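As provided, run-v2.cif (mmCIF, C-alpha atoms and all ligand atoms) reads as follows.
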```cif
data_work
#
loop_
_atom_site.label_atom_id
_atom_site.label_comp_id
_atom_site.auth_asym_id
_atom_site.auth_seq_id
_atom_site.Cartn_x
_atom_site.Cartn_y
_atom_site.Cartn_z
CA MET M 1 86.67 23.85 30.97
CA ASN M 2 83.17 25.38 31.19
CA ASP M 3 80.80 25.24 28.26
CA ALA M 4 81.49 28.78 27.02
CA SER M 5 85.27 28.45 26.99
CA HIS M 6 84.98 25.00 25.46
CA ALA M 7 82.82 26.39 22.66
CA MET M 8 85.27 29.25 22.15
CA SER M 9 88.37 27.05 21.94
CA HIS M 10 86.47 24.81 19.54
CA ALA M 11 85.57 27.78 17.35
CA MET M 12 89.15 29.06 17.42
CA SER M 13 90.61 25.71 16.49
CA ALA M 14 87.98 24.95 13.81
CA PRO M 15 89.79 24.88 10.48
CA HIS M 16 88.68 27.18 7.70
CA PHE M 17 87.35 25.38 4.65
CA ASP M 18 86.68 26.86 1.20
CA LYS M 19 83.12 26.78 -0.05
CA LEU M 20 82.07 23.69 -1.95
CA ILE M 21 79.80 24.55 -4.87
CA VAL M 22 77.05 22.07 -5.63
CA GLN M 23 75.43 22.03 -9.05
CA GLU M 24 72.05 20.33 -8.78
CA VAL M 25 71.51 17.94 -11.69
CA ALA M 26 68.35 16.02 -10.72
CA PRO M 27 66.18 17.79 -13.32
CA ARG M 28 68.56 16.52 -16.05
CA ASP M 29 70.67 13.51 -15.03
CA GLY M 30 68.04 12.52 -12.45
CA LEU M 31 64.98 12.55 -14.67
CA GLN M 32 66.58 11.39 -17.95
CA ILE M 33 66.53 7.74 -16.85
CA GLU M 34 63.09 7.71 -15.17
CA PRO M 35 60.68 5.33 -16.90
CA THR M 36 57.63 7.27 -15.71
CA TRP M 37 56.80 10.52 -17.46
CA VAL M 38 57.13 13.53 -15.17
CA ASP M 39 54.76 16.29 -16.25
CA THR M 40 56.27 19.53 -17.47
CA ALA M 41 54.52 21.39 -14.64
CA ASP M 42 56.07 19.04 -12.06
CA LYS M 43 59.54 19.52 -13.57
CA ILE M 44 59.07 23.29 -13.42
CA ALA M 45 57.84 23.13 -9.81
CA LEU M 46 60.86 21.03 -8.83
CA ILE M 47 63.32 23.41 -10.51
CA ASN M 48 61.60 26.45 -8.99
CA ALA M 49 61.78 24.90 -5.52
CA LEU M 50 65.44 23.96 -5.99
CA SER M 51 66.09 27.55 -7.09
CA THR M 52 65.26 28.79 -3.58
CA ALA M 53 67.46 26.24 -1.76
CA GLY M 54 70.76 28.11 -2.21
CA PHE M 55 72.12 26.57 -5.41
CA THR M 56 74.01 28.84 -7.78
CA ARG M 57 73.81 26.32 -10.63
CA ILE M 58 71.04 23.95 -11.71
CA GLU M 59 71.22 21.65 -14.74
CA ALA M 60 67.59 22.02 -15.67
CA GLY M 61 67.31 19.75 -18.71
CA SER M 62 68.81 18.66 -21.99
CA PHE M 63 68.25 19.36 -25.67
CA VAL M 64 69.01 15.97 -27.16
CA SER M 65 67.11 13.73 -29.53
CA PRO M 66 63.64 13.07 -28.07
CA LYS M 67 64.03 9.51 -29.34
CA ALA M 68 67.21 9.08 -27.30
CA ILE M 69 65.82 10.62 -24.09
CA PRO M 70 62.01 10.81 -24.24
CA ALA M 71 61.81 11.78 -20.55
CA LEU M 72 63.31 15.22 -21.30
CA ARG M 73 61.60 15.94 -24.62
CA ASP M 74 59.89 19.00 -23.08
CA GLY M 75 63.14 20.97 -22.66
CA GLU M 76 61.80 24.08 -24.42
CA ALA M 77 58.72 24.33 -22.24
CA VAL M 78 60.75 23.76 -19.08
CA PHE M 79 63.40 26.37 -19.84
CA GLN M 80 60.88 28.91 -21.05
CA GLN M 81 58.57 28.58 -18.05
CA ILE M 82 60.84 28.20 -15.02
CA GLY M 83 61.27 31.22 -12.78
CA ARG M 84 64.75 32.69 -13.23
CA HIS M 85 66.02 33.06 -9.71
CA PRO M 86 68.68 35.79 -9.43
CA GLY M 87 72.14 34.31 -8.98
CA VAL M 88 71.22 30.90 -10.39
CA ILE M 89 72.80 29.71 -13.63
CA TYR M 90 70.44 27.38 -15.52
CA VAL M 91 72.44 24.84 -17.50
CA ALA M 92 71.32 22.72 -20.46
CA LEU M 93 73.07 19.59 -21.71
CA VAL M 94 73.51 19.54 -25.49
CA PRO M 95 75.09 17.00 -27.82
CA ASN M 96 75.20 18.86 -31.13
CA LEU M 97 74.48 22.13 -32.93
CA LYS M 98 70.77 21.42 -33.13
CA GLY M 99 70.70 21.03 -29.35
CA ALA M 100 72.65 24.27 -28.91
CA GLU M 101 70.19 26.15 -31.12
CA ARG M 102 67.26 24.82 -29.12
CA ALA M 103 68.98 25.69 -25.82
CA LEU M 104 69.77 29.25 -26.92
CA ALA M 105 66.23 29.79 -28.15
CA SER M 106 65.03 28.63 -24.73
CA ARG M 107 67.36 31.03 -22.88
CA ALA M 108 69.72 28.54 -21.21
CA ASP M 109 72.50 30.41 -19.37
CA GLU M 110 75.13 27.76 -19.98
CA LEU M 111 75.51 24.83 -22.36
CA ASN M 112 77.06 21.59 -21.13
CA LEU M 113 78.56 19.70 -24.10
CA VAL M 114 79.16 16.01 -23.46
CA MET M 115 81.59 13.58 -25.02
CA SER M 116 82.94 10.36 -23.53
CA ALA M 117 86.63 9.60 -23.15
CA SER M 118 85.84 6.14 -24.48
CA GLN M 119 84.88 5.67 -28.12
CA ALA M 120 82.50 2.82 -27.27
CA HIS M 121 80.46 4.82 -24.78
CA ASN M 122 80.43 7.89 -27.02
CA ARG M 123 79.07 5.75 -29.85
CA ALA M 124 76.44 4.20 -27.54
CA ASN M 125 75.39 7.54 -26.03
CA MET M 126 75.88 10.04 -28.83
CA ARG M 127 75.85 7.69 -31.83
CA MET M 128 79.08 9.15 -33.12
CA SER M 129 82.83 8.88 -32.75
CA CYS M 130 84.73 11.18 -30.38
CA GLU M 131 86.17 12.93 -33.44
CA SER M 132 82.65 13.72 -34.71
CA SER M 133 81.66 15.00 -31.26
CA LEU M 134 84.64 17.37 -31.23
CA ILE M 135 83.73 18.68 -34.68
CA ALA M 136 80.17 19.28 -33.45
CA PHE M 137 81.56 21.14 -30.42
CA GLY M 138 83.54 23.42 -32.73
CA ASP M 139 80.29 24.27 -34.54
CA ILE M 140 78.61 24.98 -31.19
CA VAL M 141 81.45 27.23 -29.98
CA ARG M 142 81.24 29.29 -33.19
CA HIS M 143 77.45 29.47 -32.94
CA VAL M 144 77.47 30.57 -29.29
CA GLN M 145 80.31 33.09 -29.59
CA GLY M 146 79.24 36.61 -28.66
CA SER M 147 75.89 35.50 -27.21
CA GLY M 148 77.02 35.73 -23.59
CA VAL M 149 76.00 32.11 -23.02
CA LEU M 150 78.59 30.14 -21.03
CA LEU M 151 80.14 26.90 -22.26
CA ASN M 152 81.13 23.86 -20.21
CA ALA M 153 82.22 20.55 -21.65
CA THR M 154 82.10 17.18 -19.93
CA VAL M 155 84.49 14.26 -20.30
CA ALA M 156 82.14 11.33 -19.62
CA THR M 157 83.56 7.93 -18.58
CA ALA M 158 86.68 9.86 -17.47
CA PHE M 159 87.45 7.37 -14.70
CA GLY M 160 86.37 4.15 -16.40
CA CYS M 161 84.03 2.86 -19.09
CA PRO M 162 81.50 0.04 -18.76
CA PHE M 163 82.56 -1.21 -22.23
CA GLU M 164 86.28 -0.43 -22.42
CA GLY M 165 87.25 -0.55 -18.73
CA ARG M 166 90.28 1.48 -17.71
CA ILE M 167 90.66 4.90 -19.32
CA ASP M 168 94.15 6.25 -19.94
CA GLU M 169 94.63 9.40 -17.83
CA ASP M 170 96.64 11.02 -20.62
CA ARG M 171 93.64 10.66 -22.89
CA VAL M 172 91.46 12.52 -20.38
CA ILE M 173 94.06 15.29 -20.06
CA GLY M 174 94.25 15.48 -23.87
CA ILE M 175 90.48 15.99 -24.09
CA VAL M 176 90.57 18.68 -21.38
CA ASP M 177 93.27 20.47 -23.40
CA ALA M 178 91.24 20.11 -26.59
CA TYR M 179 88.17 21.63 -24.91
CA ARG M 180 90.20 24.56 -23.60
CA GLU M 181 91.86 25.16 -26.96
CA MET M 182 88.41 25.41 -28.53
CA GLY M 183 87.58 28.23 -26.15
CA ILE M 184 85.33 26.27 -23.78
CA GLU M 185 85.61 27.96 -20.38
CA SER M 186 84.99 25.13 -17.95
CA VAL M 187 85.27 21.36 -17.81
CA THR M 188 83.53 18.51 -16.01
CA LEU M 189 85.10 15.13 -15.33
CA ALA M 190 82.29 12.59 -15.10
CA ASP M 191 82.40 9.13 -13.57
CA THR M 192 79.43 7.88 -15.58
CA THR M 193 79.09 4.47 -13.94
CA GLY M 194 80.85 4.93 -10.61
CA MET M 195 84.18 3.30 -11.48
CA ALA M 196 86.42 5.96 -9.88
CA ASN M 197 88.33 5.47 -6.65
CA PRO M 198 89.64 8.22 -4.35
CA ARG M 199 93.34 7.82 -5.21
CA GLN M 200 92.63 7.93 -8.94
CA VAL M 201 90.43 10.99 -8.39
CA ALA M 202 93.12 12.82 -6.40
CA ARG M 203 95.70 12.11 -9.11
CA LEU M 204 93.56 13.24 -12.03
CA VAL M 205 92.22 16.33 -10.24
CA ALA M 206 95.78 17.42 -9.38
CA ARG M 207 96.80 17.03 -13.01
CA VAL M 208 93.80 18.94 -14.35
CA LEU M 209 94.28 21.75 -11.82
CA GLU M 210 97.76 22.32 -13.24
CA ARG M 211 95.95 23.39 -16.42
CA LEU M 212 92.88 25.31 -15.21
CA PRO M 213 91.64 27.02 -12.03
CA ALA M 214 89.41 25.21 -9.52
CA SER M 215 86.59 27.59 -10.51
CA ALA M 216 86.63 25.98 -13.99
CA LEU M 217 86.51 22.31 -12.92
CA THR M 218 83.47 20.27 -11.88
CA LEU M 219 83.49 16.67 -10.68
CA HIS M 220 80.47 14.53 -11.54
CA PHE M 221 80.33 11.32 -9.54
CA HIS M 222 77.85 8.47 -9.59
CA ASN M 223 77.48 6.31 -6.50
CA THR M 224 77.17 3.06 -8.44
CA ARG M 225 79.76 1.28 -6.28
CA GLY M 226 79.27 3.26 -3.08
CA LEU M 227 82.39 5.39 -3.52
CA GLY M 228 80.69 8.65 -4.49
CA LEU M 229 81.25 10.73 -1.35
CA ALA M 230 84.70 9.25 -0.74
CA ASN M 231 85.58 10.48 -4.22
CA VAL M 232 84.19 13.94 -3.42
CA LEU M 233 86.46 14.27 -0.38
CA ALA M 234 89.48 13.07 -2.34
CA ALA M 235 88.74 15.62 -5.05
CA TYR M 236 88.11 18.41 -2.53
CA ASP M 237 91.38 17.65 -0.73
CA ALA M 238 93.15 17.74 -4.12
CA GLY M 239 91.74 21.26 -4.70
CA ALA M 240 88.45 20.71 -6.56
CA ARG M 241 85.58 22.92 -5.42
CA ARG M 242 82.67 22.24 -7.77
CA PHE M 243 80.54 19.10 -7.71
CA ASP M 244 77.42 17.81 -9.43
CA ALA M 245 74.86 16.00 -7.30
CA ALA M 246 71.23 14.97 -7.68
CA LEU M 247 68.40 15.32 -5.20
CA GLY M 248 67.51 11.90 -3.79
CA GLY M 249 70.51 10.33 -5.53
CA LEU M 250 68.51 10.05 -8.76
CA GLY M 251 70.21 9.71 -12.10
CA GLY M 252 72.12 7.64 -14.58
CA CYS M 253 72.91 7.36 -18.24
CA PRO M 254 70.43 5.14 -20.12
CA PHE M 255 73.21 4.21 -22.58
CA ALA M 256 75.66 2.89 -19.98
CA PRO M 257 74.90 -0.66 -18.78
CA GLY M 258 74.58 -0.83 -15.00
CA ALA M 259 74.35 2.93 -14.56
CA SER M 260 72.82 4.18 -11.34
CA GLY M 261 72.30 7.39 -9.43
CA ASN M 262 74.43 10.49 -9.02
CA ILE M 263 75.82 11.24 -5.60
CA CYS M 264 72.89 12.42 -3.54
CA THR M 265 72.71 16.18 -2.98
CA GLU M 266 71.32 16.10 0.54
CA ASP M 267 73.79 13.39 1.58
CA LEU M 268 76.62 15.55 0.19
CA VAL M 269 75.36 18.72 1.89
CA ASN M 270 75.03 16.80 5.16
CA LEU M 271 78.63 15.60 4.83
CA CYS M 272 79.72 19.19 4.32
CA ASP M 273 77.59 20.53 7.19
CA GLU M 274 78.97 17.89 9.58
CA MET M 275 82.56 18.60 8.54
CA GLY M 276 82.26 22.39 8.53
CA ILE M 277 82.63 22.81 4.76
CA PRO M 278 80.35 25.70 3.70
CA THR M 279 77.86 25.14 0.84
CA ALA M 280 75.21 27.83 1.51
CA ILE M 281 72.54 25.24 0.71
CA ASP M 282 69.42 24.85 2.84
CA LEU M 283 69.48 21.21 3.91
CA GLU M 284 66.05 21.26 5.55
CA LYS M 285 64.54 22.44 2.27
CA LEU M 286 66.33 19.69 0.37
CA LEU M 287 64.99 17.05 2.75
CA VAL M 288 61.43 18.22 2.19
CA LEU M 289 61.95 18.09 -1.60
CA SER M 290 63.71 14.73 -1.49
CA ARG M 291 60.99 13.16 0.63
CA ALA M 292 58.45 14.16 -2.02
CA LEU M 293 60.31 12.29 -4.79
CA PRO M 294 58.91 8.77 -4.22
CA ALA M 295 55.36 10.09 -4.72
CA LEU M 296 56.43 11.96 -7.88
CA LEU M 297 58.34 9.04 -9.41
CA GLY M 298 56.50 6.04 -8.02
CA HIS M 299 59.53 4.40 -6.41
CA ASP M 300 61.97 4.63 -3.54
CA VAL M 301 65.10 6.73 -4.15
CA PRO M 302 68.69 5.95 -3.09
CA GLY M 303 69.46 8.96 -0.89
CA GLN M 304 70.19 7.99 2.71
CA LEU M 305 69.79 11.19 4.73
CA ALA M 306 66.11 11.58 3.85
CA LYS M 307 65.50 8.16 5.43
CA ALA M 308 67.86 8.42 8.41
CA GLY M 309 67.35 12.10 9.25
CA ARG M 310 70.16 14.41 10.30
CA ASN M 311 72.45 13.68 13.25
CA ARG M 312 70.59 16.36 15.16
CA ASP M 313 67.20 14.69 14.63
CA LEU M 314 67.30 12.80 17.93
CA HIS M 315 64.87 10.19 19.15
CA ALA M 316 62.98 10.14 22.43
CA VAL M 317 64.56 7.76 24.93
CA PRO M 318 62.21 4.75 25.17
CA GLU M 319 60.14 4.35 28.31
CA TYR M 320 61.86 1.11 29.35
CA VAL M 321 65.28 2.81 29.26
CA LEU M 322 64.07 5.59 31.56
CA GLN M 323 63.16 2.95 34.12
CA ILE M 324 66.64 1.36 34.26
N1 LIG M 401 67.42 17.79 -30.43
C1 LIG M 401 66.32 17.29 -31.04
N2 LIG M 401 66.36 16.45 -32.07
C2 LIG M 401 67.57 16.12 -32.54
C3 LIG M 401 68.75 16.61 -31.98
C4 LIG M 401 68.64 17.47 -30.87
N3 LIG M 401 69.72 17.96 -30.26
N4 LIG M 401 69.78 16.10 -32.66
C5 LIG M 401 69.27 15.32 -33.62
N5 LIG M 401 67.94 15.33 -33.56
C6 LIG M 401 66.99 14.62 -34.41
C7 LIG M 401 67.21 14.87 -35.88
O1 LIG M 401 66.56 16.02 -36.28
C8 LIG M 401 66.63 13.63 -36.50
O2 LIG M 401 65.23 13.71 -36.45
P1 LIG M 401 64.30 12.94 -37.53
O3 LIG M 401 64.54 11.48 -37.33
O4 LIG M 401 62.91 13.37 -37.15
O5 LIG M 401 64.78 13.44 -38.87
C9 LIG M 401 67.02 12.54 -35.51
O6 LIG M 401 67.18 13.21 -34.25
C10 LIG M 401 68.28 11.83 -35.90
O7 LIG M 401 69.30 12.79 -36.11
P2 LIG M 401 70.85 12.40 -36.22
O8 LIG M 401 71.66 13.63 -36.32
O9 LIG M 401 71.01 11.34 -37.26
O10 LIG M 401 71.07 11.82 -34.77
P3 LIG M 401 71.48 10.36 -34.30
O11 LIG M 401 70.32 9.44 -34.39
O12 LIG M 401 72.78 9.99 -34.92
O13 LIG M 401 71.71 10.68 -32.74
C11 LIG M 401 72.23 12.34 -31.08
C12 LIG M 401 72.69 11.59 -32.30
C13 LIG M 401 73.42 13.02 -30.48
C14 LIG M 401 71.18 13.36 -31.47
C15 LIG M 401 71.59 11.35 -30.07
O14 LIG M 401 72.39 10.23 -29.92
C16 LIG M 401 71.37 11.98 -28.72
O15 LIG M 401 70.53 12.85 -28.55
N6 LIG M 401 72.11 11.53 -27.68
C17 LIG M 401 72.03 12.10 -26.36
C18 LIG M 401 71.89 11.00 -25.34
C19 LIG M 401 71.82 11.57 -23.94
O16 LIG M 401 71.26 12.60 -23.67
N7 LIG M 401 72.45 10.82 -23.02
C20 LIG M 401 72.44 11.16 -21.63
C21 LIG M 401 73.21 12.37 -21.28
S1 LIG M 401 74.94 12.15 -21.24
ZN ZN M 402 75.77 11.51 -14.83
#
```

For the file at hand, write its structure as structure tokens.
Amino acid sequence: MNDASHAMSHAMSAPHFDKLIVQEVAPRDGLQIEPTWVDTADKIALINALSTAGFTRIEAGSFVSPKAIPALRDGEAVFQQIGRHPGVIYVALVPNLKGAERALASRADELNLVMSASQAHNRANMRMSCESSLIAFGDIVRHVQGSGVLLNATVATAFGCPFEGRIDEDRVIGIVDAYREMGIESVTLADTTGMANPRQVARLVARVLERLPASALTLHFHNTRGLGLANVLAAYDAGARRFDAALGGLGGCPFAPGASGNICTEDLVNLCDEMGIPTAIDLEKLLVLSRALPALLGHDVPGQLAKAGRNRDLHAVPEYVLQI
């Protein structure tokens, strides 16, 4: 077969894959755990740069207690000063009505309400029971109604809790149903400390997709035990299409012992590019941004692609090899 006919048969046999939507969460999940203060101007510059990389959704910050998460205490300034790129939804994480009021005043496009499936982690993270969180969410839904602002709610520790261990899948499904009954449009299942495995993910995703469309479900994986991208593929194969990821693999919940980074955006986009799954995200741009993170944060970051380069970034054959 010559090159042209080989290329053609390859193109004809290449399977068609649905688009995988990546929501970039480094400005929120990524920065919330950083011990070094990142200036408001640097946060804004990062979000503005990410806005031109092809994302349709960016979680740009949170409106939580500044005592709980001092690193993101400048949420108002960030949301008010970022450039609003057409086609990008700027999401804000909120825990309670006060957070929702701040987020609306700062023109967030979507609120991400967070409650853990486990009581222990919800108490550690939100300082309240799950029941109190749900009551707060009801207040938020009523407050937001008619404003045009979108609502998403996250089930944190959906695949395991660092305090309680295994989480009953029926409990997660029950919370998803409760969110939907409140009128919350979309749902995120979060693996807060990387306890999920691909079979568990496939099972839970299949169950949730019996209740809501793939366009209303996001998976949020942390790579704490190295299973992050394996879990993405399991979820994708089970029908999920929306995923959170953080530039450089930053991230983690400060109120979950042993927490570590989100799945890394550029590693995820590389996986998709190599497999032929469309994302519409500019990987070269991401690599430039990721490689600037160590200087911004003062430490190495977990992402692997920024260190290894892409498959196509080949090396010159060494001189001694040419002589063999
Ligand atoms: N934004 C700003 N300040 C807030 C706030 C919000 N959304 N919610 C509460 N506060 C303030 C109160 O005004 C009060 O301030 P004061 O001490 O100056 O009077 C103080 O925080 C305590 O308020 P209270 O309602 O008693 O909160 P709490 O101490 O029980 O904490 C939360 C509850 C939810 C506010 C807090 O645990 C929190 O922000 N958690 C989020 C943690 C997080 O972001 N984790 C990572 C993401 S999953
Ligand atoms: Zn997270």

Report task. Write out as a ChimeraX atom specification each polymer residue whose atoms come within 10 Å of Ala103 (chain M), counting only C-alpha atoms; drop sequence neighbours fewer than 6 positions from it. Result -> /M:61-64,75-76,79-80,91-94,97,109-111,149

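Neighbours of ligand LIG 401 (chain M) at a cut-off of 6 Å, computed so that only C-alpha atoms and all ligand atoms are counted, are the residues Phe63, Val64, Ser65, Pro66, Ala68, Ile69, Pro95, Asn96, Lys98, Gly99, Asn125, Met126, Arg127 and Cys253 of chain M.
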
**Report entry** Residues within 8 Å of ligand ZN 402 (chain M), counting only C-alpha atoms and all ligand atoms, as a PyMOL selection string
**Finding:** chain M and resi 29+156+190-193+220-222+251-253+261-262

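Comparing M:Ser129, M:Ser260, M:Ser215, M:Ser118 by their smallest distance to Ile167 (chain M), the closest is M:Ser118 (using all atoms listed in the file).
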
Query raised in the report: Could you list as a PyMOL selection string every residue that has an atom within 12 Å of (60.7, 25.5, -21.4), using the file's coordinates and counting only C-alpha atoms?
Result: chain M and resi 40-41+43-44+47+60-63+72-84+90+92+102-108

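Distances to Gln32 (chain M) were evaluated for M:Leu250, M:Leu113, M:Leu219, M:Ile58 using all atoms listed in the file, and the minimum falls at M:Leu250.
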
Report task. Grab the CA of Leu209 (chain M) to CA of Gly239 (chain M) distance for me, in Å with one decimal place. Result -> 7.6 Å

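The environment of region 181-185 of chain M within 7 Å, counting all atoms listed in the file and disregarding residues fewer than 4 places along the same chain, consists of Gly138, Leu151, Asn152, Ala153, Asp177 and Ala216 of chain M.
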
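With all atoms listed in the file as the basis for measurement, M:Glu164 is the residue among M:Asp18, M:Asp139, M:Glu24, M:Glu164 that approaches Asn122 (chain M) most closely.
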
Requested in this report: Find the spatial neighbours of Asp170 (chain M), counting all atoms listed in the file, within a cut-off of 12 Å - ignore same-chain residues fewer than 3 positions away - and output them as a ChimeraX atom specification.
Outcome: /M:117,158-159,166-167,173-177,203-204,207-208

Query raised in the report: Got a sec: who's within 8 Å of region 308-324 of chain M, counting all atoms listed in the file, leaving out chain neighbours fewer than 3 positions off, as a PyMOL selection string?
Result: chain M and resi 270+304-305
